[in-house]
Amino acid sequence: MNIALDIMGGDFAPDTTMKGAVLARAELPPDSVLTLIGDEAVIQTKLSELGASTKGIQIVHAPDIIGMGDHPTKAIAQKPNSSISVGFRMLKSGKIDAFAGTGNTGAMMVGGMYTVKAIMGVIRPAIICALPQISGKFNFILDVGSNADCRPDVLYQFGILGNLYARYVFKIDNPRVALLNIGEEEKKGNLVCQAAYEMMNGSKEFNFTGNIEGRDLFTDKCDVVVCEGFVGNVVLKQAEAFYTLIRKRKIKDEFFDRFNYEIYGGMPIIGLNSTVVIGHGISNETAIKNMILLAGNIAGSGFIGKIREVFQ
């Protein structure tokens, strides 16, 4: 397996990305390859400074950088030698099995949608994120930002995608899929949620358990939470805020410690033809490491092949 990392993306690149890459390389299977994409001289210098071995590491030179303030679509076209553009070309050609980065999120989305593209039949790929349950397990919520507005059929497909992700990447048997709404009754919510409920209810493609409310997000009522990207992003940012507030108040709590984004590393864009994982721009080396390991886990799970089977 060959997993690639954009070394030049992120608020603290290349120092943090290189440290995270070295940590990940130590935990990846010996027969796997970690491809570092970015300025070759910088990568070589950082490897030397860290005293890291080059065994199992491939370096691909990409001198340009897509900055956080660059327009995503224009930057992909105008900077073909950027680390993001080079990474997606390698992903499309099959030279790498997964691509991860903490750079310009919009450019990562555009690269995914227009280079490796969505799996045939998938209307809208989604970003999926883990939420800690009080039980010690996780809920997986999608979408959390890539699709602010969704039709009912898109939400239905999110149920399929989330079900497959929970089943094949995290080995959850018969995942329970729920629709995030303002009430548990089937006629609750706006017109989109009501129509989505009708489509999802009785589905044979996933185990739909009905509506859940916001207060249920961190309980064991379901395994997969479906919602529009606008709502999901609000939920995600609120969860991150809880963790920040707990830390500022110097409260040590085992459950809220699991809200720390470093544990999860990144969020995959699911529904694409290849594995793409995006991380926080502020990621530290631990988050970078875990993002790389997650990308490898997804790529090796057969998850994308299962999506193709279902949709084609």
# chains A, B, ... in the order shown; residues from 1 in each chain; ligands from 1
>>> residues_around(residues="region 21-24 of chain A", least_positions_apart="3", cutoff="9 Å", atoms="only C-alpha atoms", output="MDAnalysis selection string")
chainID A and resid 5 7 16:18 27:28 34 36 47 50 52:53 285:286 288:293
>>> write_last_selection(atoms="all heavy atoms", output="compact mmCIF listing (two decimals), in the first residue's frame")
# COMPACT_ATOMS: atom_id res chain seq x y z
N LEU A 5 1.17 11.95 1.53
CA LEU A 5 0.88 13.10 2.39
C LEU A 5 1.36 14.37 1.73
O LEU A 5 2.49 14.44 1.23
CB LEU A 5 1.58 12.93 3.74
CG LEU A 5 1.47 14.13 4.70
CD1 LEU A 5 0.04 14.31 5.19
CD2 LEU A 5 2.41 13.94 5.90
N ILE A 7 3.00 17.46 2.18
CA ILE A 7 3.91 17.99 3.20
C ILE A 7 3.80 19.50 3.34
O ILE A 7 4.05 20.06 4.42
CB ILE A 7 5.36 17.60 2.85
CG1 ILE A 7 5.55 16.09 3.05
CG2 ILE A 7 6.38 18.37 3.68
CD1 ILE A 7 5.34 15.62 4.48
N THR A 16 5.52 20.45 11.15
CA THR A 16 4.57 19.55 11.79
C THR A 16 4.22 18.37 10.89
O THR A 16 4.11 17.23 11.36
CB THR A 16 3.30 20.31 12.19
OG1 THR A 16 3.66 21.38 13.07
CG2 THR A 16 2.33 19.41 12.89
N THR A 17 4.03 18.63 9.61
CA THR A 17 3.68 17.54 8.70
C THR A 17 4.80 16.50 8.62
O THR A 17 4.54 15.30 8.57
CB THR A 17 3.35 18.07 7.29
OG1 THR A 17 4.34 19.04 6.90
CG2 THR A 17 1.98 18.74 7.27
N MET A 18 6.03 16.97 8.63
CA MET A 18 7.16 16.04 8.58
C MET A 18 7.26 15.23 9.87
O MET A 18 7.51 14.01 9.83
CB MET A 18 8.46 16.79 8.33
CG MET A 18 8.64 17.25 6.88
SD MET A 18 8.66 15.87 5.69
CE MET A 18 9.98 14.85 6.33
N GLU A 27 4.60 3.39 12.51
CA GLU A 27 3.46 2.55 12.86
C GLU A 27 2.82 1.87 11.66
O GLU A 27 1.98 0.97 11.83
CB GLU A 27 2.40 3.38 13.60
CG GLU A 27 2.89 3.90 14.95
CD GLU A 27 1.77 4.55 15.76
OE1 GLU A 27 0.59 4.19 15.56
OE2 GLU A 27 2.08 5.42 16.59
N LEU A 28 3.18 2.27 10.47
CA LEU A 28 2.63 1.65 9.27
C LEU A 28 3.24 0.26 9.06
O LEU A 28 4.35 0.00 9.51
CB LEU A 28 2.91 2.52 8.04
CG LEU A 28 2.10 3.81 7.92
CD1 LEU A 28 2.68 4.70 6.83
CD2 LEU A 28 0.62 3.51 7.64
N LEU A 34 5.20 5.25 2.34
CA LEU A 34 4.68 6.57 2.66
C LEU A 34 5.31 7.56 1.70
O LEU A 34 6.53 7.77 1.71
CB LEU A 34 4.99 6.95 4.10
CG LEU A 34 4.51 8.33 4.56
CD1 LEU A 34 3.00 8.47 4.40
CD2 LEU A 34 4.92 8.59 6.00
N LEU A 36 5.88 11.26 0.39
CA LEU A 36 5.87 12.64 0.85
C LEU A 36 5.93 13.55 -0.37
O LEU A 36 6.90 13.51 -1.14
CB LEU A 36 7.04 12.90 1.79
CG LEU A 36 7.20 11.91 2.94
CD1 LEU A 36 8.41 12.27 3.80
CD2 LEU A 36 5.93 11.84 3.78
N LEU A 47 13.97 15.49 7.09
CA LEU A 47 14.26 14.10 7.45
C LEU A 47 15.61 14.00 8.16
O LEU A 47 15.75 13.27 9.15
CB LEU A 47 14.26 13.22 6.20
CG LEU A 47 12.90 12.87 5.59
CD1 LEU A 47 13.08 12.14 4.27
CD2 LEU A 47 12.07 12.01 6.56
N LEU A 50 15.39 15.43 11.70
CA LEU A 50 14.66 14.54 12.60
C LEU A 50 15.38 13.21 12.82
O LEU A 50 14.94 12.39 13.64
CB LEU A 50 13.26 14.26 12.03
CG LEU A 50 12.31 15.47 11.97
CD1 LEU A 50 11.08 15.15 11.13
CD2 LEU A 50 11.90 15.90 13.38
N ALA A 52 15.55 10.78 10.79
CA ALA A 52 14.63 9.73 10.35
C ALA A 52 15.22 8.91 9.20
O ALA A 52 15.92 9.43 8.33
CB ALA A 52 13.32 10.35 9.90
N SER A 53 14.91 7.65 9.20
CA SER A 53 15.30 6.77 8.12
C SER A 53 14.43 7.02 6.89
O SER A 53 13.26 7.40 7.02
CB SER A 53 15.16 5.31 8.56
OG SER A 53 15.30 4.43 7.46
N GLU A 285 1.57 17.17 15.15
CA GLU A 285 2.14 15.95 14.61
C GLU A 285 1.33 14.70 14.95
O GLU A 285 1.27 13.75 14.17
CB GLU A 285 3.60 15.77 15.06
CG GLU A 285 3.82 15.78 16.55
CD GLU A 285 4.22 17.16 17.06
OE1 GLU A 285 3.69 18.16 16.54
OE2 GLU A 285 5.05 17.21 17.98
N THR A 286 0.69 14.69 16.12
CA THR A 286 -0.15 13.54 16.49
C THR A 286 -1.34 13.42 15.56
O THR A 286 -1.69 12.32 15.11
CB THR A 286 -0.63 13.68 17.95
OG1 THR A 286 0.50 13.78 18.82
CG2 THR A 286 -1.48 12.48 18.35
N ILE A 288 -1.54 14.61 12.51
CA ILE A 288 -1.03 14.22 11.19
C ILE A 288 -0.79 12.71 11.14
O ILE A 288 -1.18 12.03 10.18
CB ILE A 288 0.29 14.96 10.88
CG1 ILE A 288 0.09 16.48 10.83
CG2 ILE A 288 0.90 14.45 9.56
CD1 ILE A 288 -0.69 16.99 9.67
N LYS A 289 -0.16 12.20 12.16
CA LYS A 289 0.09 10.75 12.22
C LYS A 289 -1.21 9.96 12.12
O LYS A 289 -1.32 9.03 11.32
CB LYS A 289 0.80 10.39 13.53
CG LYS A 289 1.07 8.90 13.70
CD LYS A 289 1.37 8.51 15.13
CE LYS A 289 0.11 8.51 15.99
NZ LYS A 289 0.36 7.94 17.34
N ASN A 290 -2.19 10.33 12.93
CA ASN A 290 -3.46 9.61 12.94
C ASN A 290 -4.23 9.77 11.64
O ASN A 290 -4.97 8.87 11.23
CB ASN A 290 -4.30 10.04 14.14
CG ASN A 290 -3.75 9.51 15.45
OD1 ASN A 290 -3.15 8.45 15.49
ND2 ASN A 290 -3.93 10.26 16.52
N MET A 291 -4.08 10.91 10.97
CA MET A 291 -4.71 11.11 9.67
C MET A 291 -4.12 10.13 8.64
O MET A 291 -4.86 9.52 7.85
CB MET A 291 -4.51 12.55 9.19
CG MET A 291 -5.06 12.83 7.80
SD MET A 291 -4.86 14.56 7.31
CE MET A 291 -3.06 14.67 7.20
N ILE A 292 -2.82 9.96 8.66
CA ILE A 292 -2.16 9.04 7.73
C ILE A 292 -2.59 7.60 8.02
O ILE A 292 -2.90 6.83 7.10
CB ILE A 292 -0.62 9.17 7.84
CG1 ILE A 292 -0.17 10.56 7.38
CG2 ILE A 292 0.08 8.08 7.03
CD1 ILE A 292 1.28 10.87 7.71
N LEU A 293 -2.63 7.23 9.29
CA LEU A 293 -3.04 5.87 9.66
C LEU A 293 -4.49 5.60 9.28
O LEU A 293 -4.83 4.50 8.82
CB LEU A 293 -2.83 5.65 11.16
CG LEU A 293 -1.38 5.73 11.66
CD1 LEU A 293 -1.34 5.53 13.17
CD2 LEU A 293 -0.49 4.72 10.95
>>> residues_around(residues="Gly210 (chain A)", least_positions_apart="6", cutoff="8 Å", atoms="only C-alpha atoms", output="NGL selection string")
:A and (177-179 or 184 or 186 or 197 or 201)
>>> closest_residue(among="A:Ala299, A:Ala13, A:Val235, A:Val144", to="Met1 (chain A)", atoms="only C-alpha atoms")
A:Ala299
>>> residues_around(residues="Ser83 (chain A)", least_positions_apart="5", cutoff="6 Å", atoms="only C-alpha atoms", output="PyMOL selection string")
chain A and resi 6+37-38+62
>>> residues_around(residues="Val116 (chain A)", least_positions_apart="4", cutoff="8 Å", atoms="only C-alpha atoms", output="number ranges by chain")
A: 88, 91-92, 111-112, 272-274
>>> write_last_selection(atoms="N, CA, C and O atoms", output="PDB file, in the first residue's frame")
ATOM      1  N   PHE A  88      -3.162  14.552  -6.377  1.00  0.00           N
ATOM      2  CA  PHE A  88      -4.379  14.041  -7.011  1.00  0.00           C
ATOM      3  C   PHE A  88      -4.094  13.384  -8.358  1.00  0.00           C
ATOM      4  O   PHE A  88      -4.768  12.415  -8.721  1.00  0.00           O
ATOM      5  N   LEU A  91      -2.958   9.987  -7.478  1.00  0.00           N
ATOM      6  CA  LEU A  91      -4.083   9.189  -7.012  1.00  0.00           C
ATOM      7  C   LEU A  91      -4.912   8.687  -8.195  1.00  0.00           C
ATOM      8  O   LEU A  91      -5.309   7.520  -8.250  1.00  0.00           O
ATOM      9  N   LYS A  92      -5.158   9.572  -9.155  1.00  0.00           N
ATOM     10  CA  LYS A  92      -5.945   9.204 -10.329  1.00  0.00           C
ATOM     11  C   LYS A  92      -5.252   8.126 -11.156  1.00  0.00           C
ATOM     12  O   LYS A  92      -5.904   7.206 -11.676  1.00  0.00           O
ATOM     13  N   GLY A 111     -10.083  18.940  -5.922  1.00  0.00           N
ATOM     14  CA  GLY A 111      -9.216  17.912  -6.478  1.00  0.00           C
ATOM     15  C   GLY A 111      -9.883  16.552  -6.478  1.00  0.00           C
ATOM     16  O   GLY A 111      -9.804  15.797  -7.446  1.00  0.00           O
ATOM     17  N   GLY A 112     -10.570  16.250  -5.381  1.00  0.00           N
ATOM     18  CA  GLY A 112     -11.260  14.969  -5.299  1.00  0.00           C
ATOM     19  C   GLY A 112     -12.388  14.851  -6.296  1.00  0.00           C
ATOM     20  O   GLY A 112     -12.537  13.840  -6.985  1.00  0.00           O
ATOM     21  N   LEU A 272     -15.890   8.991  -3.263  1.00  0.00           N
ATOM     22  CA  LEU A 272     -14.945   9.192  -4.358  1.00  0.00           C
ATOM     23  C   LEU A 272     -14.360   7.852  -4.797  1.00  0.00           C
ATOM     24  O   LEU A 272     -14.457   6.851  -4.089  1.00  0.00           O
ATOM     25  N   ASN A 273     -13.705   7.860  -5.959  1.00  0.00           N
ATOM     26  CA  ASN A 273     -13.101   6.643  -6.498  1.00  0.00           C
ATOM     27  C   ASN A 273     -11.806   6.252  -5.801  1.00  0.00           C
ATOM     28  O   ASN A 273     -11.265   5.171  -6.070  1.00  0.00           O
ATOM     29  N   SER A 274     -11.288   7.100  -4.937  1.00  0.00           N
ATOM     30  CA  SER A 274     -10.066   6.805  -4.192  1.00  0.00           C
ATOM     31  C   SER A 274     -10.185   7.374  -2.789  1.00  0.00           C
ATOM     32  O   SER A 274     -11.097   8.164  -2.498  1.00  0.00           O
TER      33      SER A 274
END
>>> decode(residues="region 199-218 of chain A", atoms="N, CA, C and O atoms", output="PDB file, in the first residue's frame")
ATOM      1  N   MET A 199     -38.185   8.077   2.544  1.00  0.00           N
ATOM      2  CA  MET A 199     -37.330   7.261   1.691  1.00  0.00           C
ATOM      3  C   MET A 199     -36.524   6.246   2.508  1.00  0.00           C
ATOM      4  O   MET A 199     -36.334   5.102   2.090  1.00  0.00           O
ATOM      5  N   MET A 200     -36.058   6.675   3.677  1.00  0.00           N
ATOM      6  CA  MET A 200     -35.173   5.843   4.483  1.00  0.00           C
ATOM      7  C   MET A 200     -35.943   4.781   5.276  1.00  0.00           C
ATOM      8  O   MET A 200     -35.421   3.695   5.530  1.00  0.00           O
ATOM      9  N   ASN A 201     -37.171   5.086   5.636  1.00  0.00           N
ATOM     10  CA  ASN A 201     -37.958   4.182   6.463  1.00  0.00           C
ATOM     11  C   ASN A 201     -38.246   2.881   5.702  1.00  0.00           C
ATOM     12  O   ASN A 201     -38.798   2.876   4.611  1.00  0.00           O
ATOM     13  N   GLY A 202     -37.834   1.783   6.282  1.00  0.00           N
ATOM     14  CA  GLY A 202     -38.047   0.490   5.643  1.00  0.00           C
ATOM     15  C   GLY A 202     -37.015   0.144   4.590  1.00  0.00           C
ATOM     16  O   GLY A 202     -37.182  -0.860   3.871  1.00  0.00           O
ATOM     17  N   SER A 203     -35.956   0.937   4.480  1.00  0.00           N
ATOM     18  CA  SER A 203     -34.915   0.661   3.486  1.00  0.00           C
ATOM     19  C   SER A 203     -34.291  -0.712   3.714  1.00  0.00           C
ATOM     20  O   SER A 203     -34.056  -1.129   4.849  1.00  0.00           O
ATOM     21  N   LYS A 204     -33.998  -1.395   2.627  1.00  0.00           N
ATOM     22  CA  LYS A 204     -33.315  -2.682   2.708  1.00  0.00           C
ATOM     23  C   LYS A 204     -31.807  -2.524   2.514  1.00  0.00           C
ATOM     24  O   LYS A 204     -31.061  -3.506   2.556  1.00  0.00           O
ATOM     25  N   GLU A 205     -31.359  -1.276   2.298  1.00  0.00           N
ATOM     26  CA  GLU A 205     -29.937  -1.028   2.053  1.00  0.00           C
ATOM     27  C   GLU A 205     -29.171  -0.643   3.309  1.00  0.00           C
ATOM     28  O   GLU A 205     -27.948  -0.632   3.311  1.00  0.00           O
ATOM     29  N   PHE A 206     -29.883  -0.330   4.367  1.00  0.00           N
ATOM     30  CA  PHE A 206     -29.251  -0.066   5.655  1.00  0.00           C
ATOM     31  C   PHE A 206     -30.299  -0.182   6.751  1.00  0.00           C
ATOM     32  O   PHE A 206     -31.506  -0.184   6.486  1.00  0.00           O
ATOM     33  N   ASN A 207     -29.820  -0.272   7.975  1.00  0.00           N
ATOM     34  CA  ASN A 207     -30.681  -0.472   9.141  1.00  0.00           C
ATOM     35  C   ASN A 207     -31.122   0.886   9.692  1.00  0.00           C
ATOM     36  O   ASN A 207     -30.481   1.450  10.573  1.00  0.00           O
ATOM     37  N   PHE A 208     -32.223   1.409   9.145  1.00  0.00           N
ATOM     38  CA  PHE A 208     -32.703   2.735   9.558  1.00  0.00           C
ATOM     39  C   PHE A 208     -33.490   2.611  10.859  1.00  0.00           C
ATOM     40  O   PHE A 208     -34.444   1.826  10.968  1.00  0.00           O
ATOM     41  N   THR A 209     -33.113   3.422  11.848  1.00  0.00           N
ATOM     42  CA  THR A 209     -33.758   3.359  13.165  1.00  0.00           C
ATOM     43  C   THR A 209     -34.587   4.603  13.473  1.00  0.00           C
ATOM     44  O   THR A 209     -35.059   4.760  14.595  1.00  0.00           O
ATOM     45  N   GLY A 210     -34.769   5.497  12.484  1.00  0.00           N
ATOM     46  CA  GLY A 210     -35.631   6.651  12.677  1.00  0.00           C
ATOM     47  C   GLY A 210     -34.897   7.941  12.950  1.00  0.00           C
ATOM     48  O   GLY A 210     -33.689   8.052  12.731  1.00  0.00           O
ATOM     49  N   ASN A 211     -35.635   8.925  13.437  1.00  0.00           N
ATOM     50  CA  ASN A 211     -35.066  10.238  13.763  1.00  0.00           C
ATOM     51  C   ASN A 211     -34.373  10.216  15.121  1.00  0.00           C
ATOM     52  O   ASN A 211     -34.786   9.495  16.037  1.00  0.00           O
ATOM     53  N   ILE A 212     -33.337  11.025  15.247  1.00  0.00           N
ATOM     54  CA  ILE A 212     -32.780  11.332  16.559  1.00  0.00           C
ATOM     55  C   ILE A 212     -32.676  12.844  16.686  1.00  0.00           C
ATOM     56  O   ILE A 212     -32.629  13.562  15.688  1.00  0.00           O
ATOM     57  N   GLU A 213     -32.635  13.325  17.926  1.00  0.00           N
ATOM     58  CA  GLU A 213     -32.489  14.744  18.183  1.00  0.00           C
ATOM     59  C   GLU A 213     -31.048  15.070  18.568  1.00  0.00           C
ATOM     60  O   GLU A 213     -30.242  14.161  18.811  1.00  0.00           O
ATOM     61  N   GLY A 214     -30.754  16.365  18.645  1.00  0.00           N
ATOM     62  CA  GLY A 214     -29.403  16.785  18.980  1.00  0.00           C
ATOM     63  C   GLY A 214     -28.898  16.238  20.297  1.00  0.00           C
ATOM     64  O   GLY A 214     -27.702  15.950  20.443  1.00  0.00           O
ATOM     65  N   ARG A 215     -29.783  16.044  21.261  1.00  0.00           N
ATOM     66  CA  ARG A 215     -29.372  15.533  22.566  1.00  0.00           C
ATOM     67  C   ARG A 215     -28.947  14.068  22.516  1.00  0.00           C
ATOM     68  O   ARG A 215     -28.362  13.540  23.473  1.00  0.00           O
ATOM     69  N   ASP A 216     -29.247  13.401  21.404  1.00  0.00           N
ATOM     70  CA  ASP A 216     -28.908  11.983  21.268  1.00  0.00           C
ATOM     71  C   ASP A 216     -27.573  11.743  20.565  1.00  0.00           C
ATOM     72  O   ASP A 216     -27.145  10.585  20.437  1.00  0.00           O
ATOM     73  N   LEU A 217     -26.919  12.798  20.120  1.00  0.00           N
ATOM     74  CA  LEU A 217     -25.741  12.641  19.268  1.00  0.00           C
ATOM     75  C   LEU A 217     -24.605  11.864  19.927  1.00  0.00           C
ATOM     76  O   LEU A 217     -23.845  11.173  19.250  1.00  0.00           O
ATOM     77  N   PHE A 218     -24.485  11.982  21.243  1.00  0.00           N
ATOM     78  CA  PHE A 218     -23.361  11.352  21.933  1.00  0.00           C
ATOM     79  C   PHE A 218     -23.797  10.149  22.760  1.00  0.00           C
ATOM     80  O   PHE A 218     -23.082   9.701  23.650  1.00  0.00           O
TER      81      PHE A 218
END
